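J.: Supplied in structure tokens, the structure appears directly below.
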Amino acid sequence: MNANSNDVQHIDDGKLKDSKINVYNPKKTRELVNKLRINKDLEDDEFKYLLSMDEAESISILRDAAREVTNEHYSNKVYVRGLVEFSNICSQNCYYCGIRSGNQDIERFRLTVKDMLSAVDSGYEIGFRTFVFQGGEDPKFTDDVFEEVISKVKSKYPDSAITLSIGVRSYESYKRLKEAGADRFLLRHETADEGHFSYLHPSNQSFEQRKRALYDIKKLGYAVGTGIMVGSPKQKIDYIVKDLKFMRQLEPDMIGIGPFIPHKSSKFKDIEHGDMYLTLKMLSILRLMFPLATIPSTTALNTIDSEGRIRGIMHGANVIMPNLSPDNAKRNYNLYDNKKISGKESADYVRELNEYLMEYGYEIDFSRGDPLTIKNK
Ligand code: SAH
């Protein structure tokens with residue numbers, strides 16, 4: 001699956017390329033990249049040009065600018081977040097997702113509060129100072145349960161940050177969890193096109209609802225993260241432009257994007273995974289639009305390419321999220337096929353990760369690593 005710049009694949013019969021654009025020239029790329037860097041925004045056609053270009057020189061012009069901007073604000077530091085996947089039981093049925101409620105072919109698990117706290121303990125010991133709780137929308141995880149987890153982690157480790165990635169909830173629920181001590185919230189909007197959103201989700205969900213949740217989260221003072229899957233089924237380049245514009249309006253503090261990867265027991269099982277280069281271009285474009293945001297190089301990117309993680313960093317990402325979940329959780333938290341699972345994320349693992357990053361001129365920063373958007377407020 002290792003791709004190189006000569007065999008860039010685009011899904012959906014090339015609809016992810018703008019058919020009107022067929023001549024690329026480095027001078028134009030440079031102009032647009034500079035414009036994006038200065039204005040943090042572009043006209044639709046200009047975004048389409050950058051998203052469609054697929055020869056190596058143009059992509060590296062974009063990458064180098066994104067790296068420079070990342071370096072200006074975050075130097076060569078890569079923040080680490082300890083990911084705790086607490087449940088794969090989900091009341092939602094997002095059609096692309098391996099843990100959706102309709103999937104019968106899955107072994108379900110749910111961590112206890114004690115399991116979650118012990119995952120945090122072991123992560124803290126290694127040096128992590130941000131913990132991300134992510135899971136399905138499991139009805140057993142009420143506000144009371146999260147309040148308990150959050151307040152216990154915060155009282156034991158007041159110098160750490162808590163990020164929630166627990167889906168759409170009410171304003172009151174988000175408020176309680178913020179008051180309990182949660183700092184950040186990740187909720188990908190998935191797609192800013194209503195029609196596309198309804199293609200990917202059942203009718204009880206909508207883009208409007210997710211947007212409402214994101215603005216609630218923001219209003220409550222969380223650092224807010226959003227994002228999309230690159231190459232999701234029936235995605236078009238126009239939708240990606242809409243996504244960029246939606247993010248420009250929302251002004252997220254964190255942005256999570258990774259390639260769509262099919263799951264074997266979903267109706268999208270035969271759809272090709274999202275293109276690596278398009279994902280990398282998106283990372284660079286987002287870095288130029290949001291210089292102060294924290295942007296992870298995702299597990300999904302590392303799943304489609306063995307060097308995906310470092311490629312993401314070199315294209316403007318500045319966060320890696322090692323997995324602190326217990327082994328059975330790791331095995332069964334399969335949002336998509338062939339998810340890269342590492343063994344226990346031990347001190348050794350983190351040291352190796354750091355050595356690997358250092359080969360490329362980067363190093364792990366173990367601090368809380370608040371997005372600079374927040375620090376500068
Ligand atoms: N219930 C939470 C967490 C969902 S899983 C929520 O709704 O926010 C976290 C992210 O994984 C999703 O937002 C989605 O963008 C991504 N994801 C799900 N299925 C995927 C797939 N098949 N390929 C790639 N990413 C996927």
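Note on naming: chains are A, B, ... as they come in the structure tokens, residues start from 1 per chain, ligands start from 1 in the order shown.
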Under the rule of at most 6 Å, produce a per-residue listing of chain A near ligand 1: chain, number, name, the closest pair of atoms, and the distance in Å, as CSV, using only C-alpha atoms and all ligand atoms.
T.:
```
residue,atom,partner,partner_atom_place_in_ligand_line,distance
A:Tyr96,CA,ligand 1,22 (N),4.9
A:Cys97,CA,ligand 1,19 (N),3.7
A:Gln134,CA,ligand 1,3 (C),5.9
A:Gly135,CA,ligand 1,3 (C),5.3
A:Gly136,CA,ligand 1,1 (N),4.4
A:Glu137,CA,ligand 1,1 (N),5.3
A:Ser165,CA,ligand 1,8 (O),5.3
A:Ile166,CA,ligand 1,2 (C),4.5
A:Gly167,CA,ligand 1,6 (C),3.6
A:Leu187,CA,ligand 1,8 (O),4.5
A:Arg188,CA,ligand 1,13 (O),4.8
A:Glu190,CA,ligand 1,15 (O),5.7
A:Ile228,CA,ligand 1,15 (O),5.6
A:Met229,CA,ligand 1,15 (O),5.2
A:Pro259,CA,ligand 1,24 (C),5.7
A:Phe260,CA,ligand 1,24 (C),3.8
A:Ile261,CA,ligand 1,23 (N),3.9
A:Pro262,CA,ligand 1,22 (N),4.9
A:His263,CA,ligand 1,22 (N),5.5
A:Leu335,CA,ligand 1,19 (N),4.5
A:Tyr336,CA,ligand 1,22 (N),4.2
```
J.: Would you mind exporting the chosen residues as a short mmCIF file (atom, residue, chain, number, x, y, z; two decimals), in the first residue's frame, restricted to N, CA and C atoms?
T.:
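What ended up in again03.cif:
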```cif
data_model
loop_
_atom_site.label_atom_id
_atom_site.label_comp_id
_atom_site.auth_asym_id
_atom_site.auth_seq_id
_atom_site.Cartn_x
_atom_site.Cartn_y
_atom_site.Cartn_z
N TYR A 96 -20.17 4.24 7.94
CA TYR A 96 -18.77 3.93 7.62
C TYR A 96 -18.03 3.29 8.79
N CYS A 97 -18.62 3.34 9.97
CA CYS A 97 -17.84 3.07 11.19
C CYS A 97 -17.99 1.62 11.65
N GLN A 134 -11.92 8.38 24.20
CA GLN A 134 -12.74 8.27 23.00
C GLN A 134 -13.55 6.99 23.02
N GLY A 135 -14.77 7.07 22.51
CA GLY A 135 -15.57 5.86 22.48
C GLY A 135 -16.85 6.00 21.70
N GLY A 136 -17.55 4.90 21.63
CA GLY A 136 -18.88 4.89 21.05
C GLY A 136 -19.82 5.65 21.97
N GLU A 137 -20.99 5.95 21.46
CA GLU A 137 -21.98 6.65 22.29
C GLU A 137 -22.74 5.60 23.09
N SER A 165 -13.83 12.69 23.48
CA SER A 165 -14.25 12.45 22.11
C SER A 165 -15.40 11.45 22.22
N ILE A 166 -16.57 11.97 22.61
CA ILE A 166 -17.68 11.12 23.03
C ILE A 166 -18.98 11.46 22.30
N GLY A 167 -18.84 12.15 21.18
CA GLY A 167 -20.00 12.34 20.31
C GLY A 167 -20.92 13.46 20.71
N LEU A 187 -14.76 16.57 18.09
CA LEU A 187 -15.99 16.12 17.43
C LEU A 187 -15.85 16.47 15.95
N ARG A 188 -15.45 15.49 15.17
CA ARG A 188 -15.31 15.78 13.74
C ARG A 188 -16.68 16.10 13.15
N GLU A 190 -17.32 15.69 10.12
CA GLU A 190 -17.37 14.61 9.11
C GLU A 190 -17.56 15.12 7.69
N ILE A 228 -12.49 15.87 9.35
CA ILE A 228 -13.20 14.99 8.40
C ILE A 228 -12.35 13.75 8.10
N MET A 229 -12.99 12.81 7.41
CA MET A 229 -12.25 11.70 6.82
C MET A 229 -11.97 12.09 5.37
N PRO A 259 -7.36 9.54 6.50
CA PRO A 259 -8.05 8.94 5.36
C PRO A 259 -9.22 8.07 5.82
N PHE A 260 -10.28 8.04 5.05
CA PHE A 260 -11.33 7.04 5.24
C PHE A 260 -10.72 5.68 4.93
N ILE A 261 -11.05 4.68 5.75
CA ILE A 261 -10.60 3.31 5.49
C ILE A 261 -11.83 2.40 5.60
N PRO A 262 -12.07 1.57 4.59
CA PRO A 262 -13.29 0.75 4.63
C PRO A 262 -13.26 -0.26 5.77
N HIS A 263 -14.44 -0.59 6.25
CA HIS A 263 -14.58 -1.64 7.25
C HIS A 263 -15.32 -2.80 6.60
N LEU A 335 -12.54 0.90 14.18
CA LEU A 335 -13.38 1.82 13.41
C LEU A 335 -13.31 1.45 11.94
N TYR A 336 -12.17 0.84 11.54
CA TYR A 336 -11.92 0.45 10.15
C TYR A 336 -10.99 -0.76 10.17
#
```
J.: Within 10 Å of range 348-361 of chain A, counting only C-alpha atoms, which residues show up once you throw out same-chain ones fewer than 3 positions away? Write them as a PyMOL selection string, please.
T.: chain A and resi 76-78+80+126-128+309-310+313-314+320+322+342-345+364-365
J.: Output N, CA and C atoms of each residue in that selection to a file, as a PDB file, in the first residue's frame.
T.:
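The resulting file, selection-v8.pdb, is reproduced below:
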```
ATOM      1  N   ASN A  76      10.306  22.169  16.748  1.00  0.00           N
ATOM      2  CA  ASN A  76      10.350  20.774  16.260  1.00  0.00           C
ATOM      3  C   ASN A  76       9.669  19.809  17.228  1.00  0.00           C
ATOM      4  N   LYS A  77       8.814  20.373  18.099  1.00  0.00           N
ATOM      5  CA  LYS A  77       8.198  19.562  19.152  1.00  0.00           C
ATOM      6  C   LYS A  77       6.938  18.848  18.654  1.00  0.00           C
ATOM      7  N   VAL A  78       6.838  17.592  19.028  1.00  0.00           N
ATOM      8  CA  VAL A  78       5.625  16.829  18.718  1.00  0.00           C
ATOM      9  C   VAL A  78       4.960  16.467  20.046  1.00  0.00           C
ATOM     10  N   VAL A  80       2.442  14.545  22.557  1.00  0.00           N
ATOM     11  CA  VAL A  80       1.825  13.214  22.607  1.00  0.00           C
ATOM     12  C   VAL A  80       0.582  13.250  23.494  1.00  0.00           C
ATOM     13  N   ILE A 126       4.504   7.068  32.370  1.00  0.00           N
ATOM     14  CA  ILE A 126       5.399   7.168  31.208  1.00  0.00           C
ATOM     15  C   ILE A 126       5.718   8.633  30.894  1.00  0.00           C
ATOM     16  N   GLY A 127       4.813   9.524  31.240  1.00  0.00           N
ATOM     17  CA  GLY A 127       5.081  10.938  31.003  1.00  0.00           C
ATOM     18  C   GLY A 127       3.960  11.705  30.332  1.00  0.00           C
ATOM     19  N   PHE A 128       2.899  10.999  29.940  1.00  0.00           N
ATOM     20  CA  PHE A 128       1.797  11.689  29.259  1.00  0.00           C
ATOM     21  C   PHE A 128       1.126  12.701  30.189  1.00  0.00           C
ATOM     22  N   ARG A 309       2.783   8.231   9.682  1.00  0.00           N
ATOM     23  CA  ARG A 309       2.874   9.086  10.858  1.00  0.00           C
ATOM     24  C   ARG A 309       3.900  10.210  10.675  1.00  0.00           C
ATOM     25  N   ILE A 310       5.081   9.842  10.206  1.00  0.00           N
ATOM     26  CA  ILE A 310       6.110  10.874  10.041  1.00  0.00           C
ATOM     27  C   ILE A 310       5.785  11.772   8.848  1.00  0.00           C
ATOM     28  N   ILE A 313       3.579  14.450  10.073  1.00  0.00           N
ATOM     29  CA  ILE A 313       4.335  15.471  10.819  1.00  0.00           C
ATOM     30  C   ILE A 313       5.070  16.398   9.843  1.00  0.00           C
ATOM     31  N   MET A 314       5.671  15.805   8.821  1.00  0.00           N
ATOM     32  CA  MET A 314       6.434  16.631   7.876  1.00  0.00           C
ATOM     33  C   MET A 314       5.538  17.528   7.033  1.00  0.00           C
ATOM     34  N   ILE A 320       0.952  13.365  18.095  1.00  0.00           N
ATOM     35  CA  ILE A 320       0.787  11.925  17.889  1.00  0.00           C
ATOM     36  C   ILE A 320      -0.002  11.392  19.089  1.00  0.00           C
ATOM     37  N   PRO A 322      -0.517   8.090  20.921  1.00  0.00           N
ATOM     38  CA  PRO A 322      -0.325   6.672  21.245  1.00  0.00           C
ATOM     39  C   PRO A 322      -1.508   6.132  22.051  1.00  0.00           C
ATOM     40  N   SER A 342      -0.420  -1.181  18.277  1.00  0.00           N
ATOM     41  CA  SER A 342       0.894  -1.463  18.833  1.00  0.00           C
ATOM     42  C   SER A 342       0.676  -2.259  20.106  1.00  0.00           C
ATOM     43  N   GLY A 343       1.756  -2.724  20.670  1.00  0.00           N
ATOM     44  CA  GLY A 343       1.647  -3.451  21.935  1.00  0.00           C
ATOM     45  C   GLY A 343       1.395  -2.455  23.044  1.00  0.00           C
ATOM     46  N   LYS A 344       1.764  -2.815  24.227  1.00  0.00           N
ATOM     47  CA  LYS A 344       1.559  -1.912  25.343  1.00  0.00           C
ATOM     48  C   LYS A 344       2.408  -0.659  25.137  1.00  0.00           C
ATOM     49  N   GLU A 345       1.777   0.506  25.265  1.00  0.00           N
ATOM     50  CA  GLU A 345       2.523   1.745  25.051  1.00  0.00           C
ATOM     51  C   GLU A 345       3.347   2.021  26.300  1.00  0.00           C
ATOM     52  N   ILE A 364       9.708  14.472  20.933  1.00  0.00           N
ATOM     53  CA  ILE A 364       8.484  14.479  21.739  1.00  0.00           C
ATOM     54  C   ILE A 364       8.541  15.562  22.798  1.00  0.00           C
ATOM     55  N   ASP A 365       7.429  16.247  22.966  1.00  0.00           N
ATOM     56  CA  ASP A 365       7.272  17.196  24.063  1.00  0.00           C
ATOM     57  C   ASP A 365       6.179  16.632  24.965  1.00  0.00           C
TER      58      ASP A 365
END
```
J.: Using only C-alpha atoms, can you tell me which of A:Ile374, A:Val168, A:Val120, A:Leu62 comes closest to Ser91 in chain A?
T.: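 Checking each of A:Ile374, A:Val168, A:Val120, A:Leu62 against Ser91 in chain A, counting only C-alpha atoms, the winner is A:Val168.
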J.: Name the residues in contact with Gln205 in chain A at a cut-off of 10 Å, using only C-alpha atoms, excluding same-chain residues fewer than 6 positions from it; report them as a list in words.
T.: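 So, after excluding close chain neighbours, the residues are Gln92, Asn93, Cys94, Val168, Phe197 and Ser198 of chain A.
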J.: For C-alpha atoms, I'd like the residues from the last selection saved as a short mmCIF file (atom, residue, chain, number, x, y, z; two decimals), in the first residue's frame.
T.:
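Now in result_35.cif:
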```cif
data_model
loop_
_atom_site.label_atom_id
_atom_site.label_comp_id
_atom_site.auth_asym_id
_atom_site.auth_seq_id
_atom_site.Cartn_x
_atom_site.Cartn_y
_atom_site.Cartn_z
CA GLN A 92 -25.33 5.52 16.63
CA ASN A 93 -25.15 3.82 13.27
CA CYS A 94 -22.73 5.93 11.19
CA VAL A 168 -23.09 14.51 20.29
CA PHE A 197 -23.77 13.96 5.60
CA SER A 198 -27.08 12.14 5.07
#
```
J.: Measuring between only C-alpha atoms, which one of A:Asn328, A:Ser173, A:Asn323, A:Thr279 shows the shortest distance to Thr130 in chain A?
T.: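 So, comparing all the options, the nearest one is A:Asn323.
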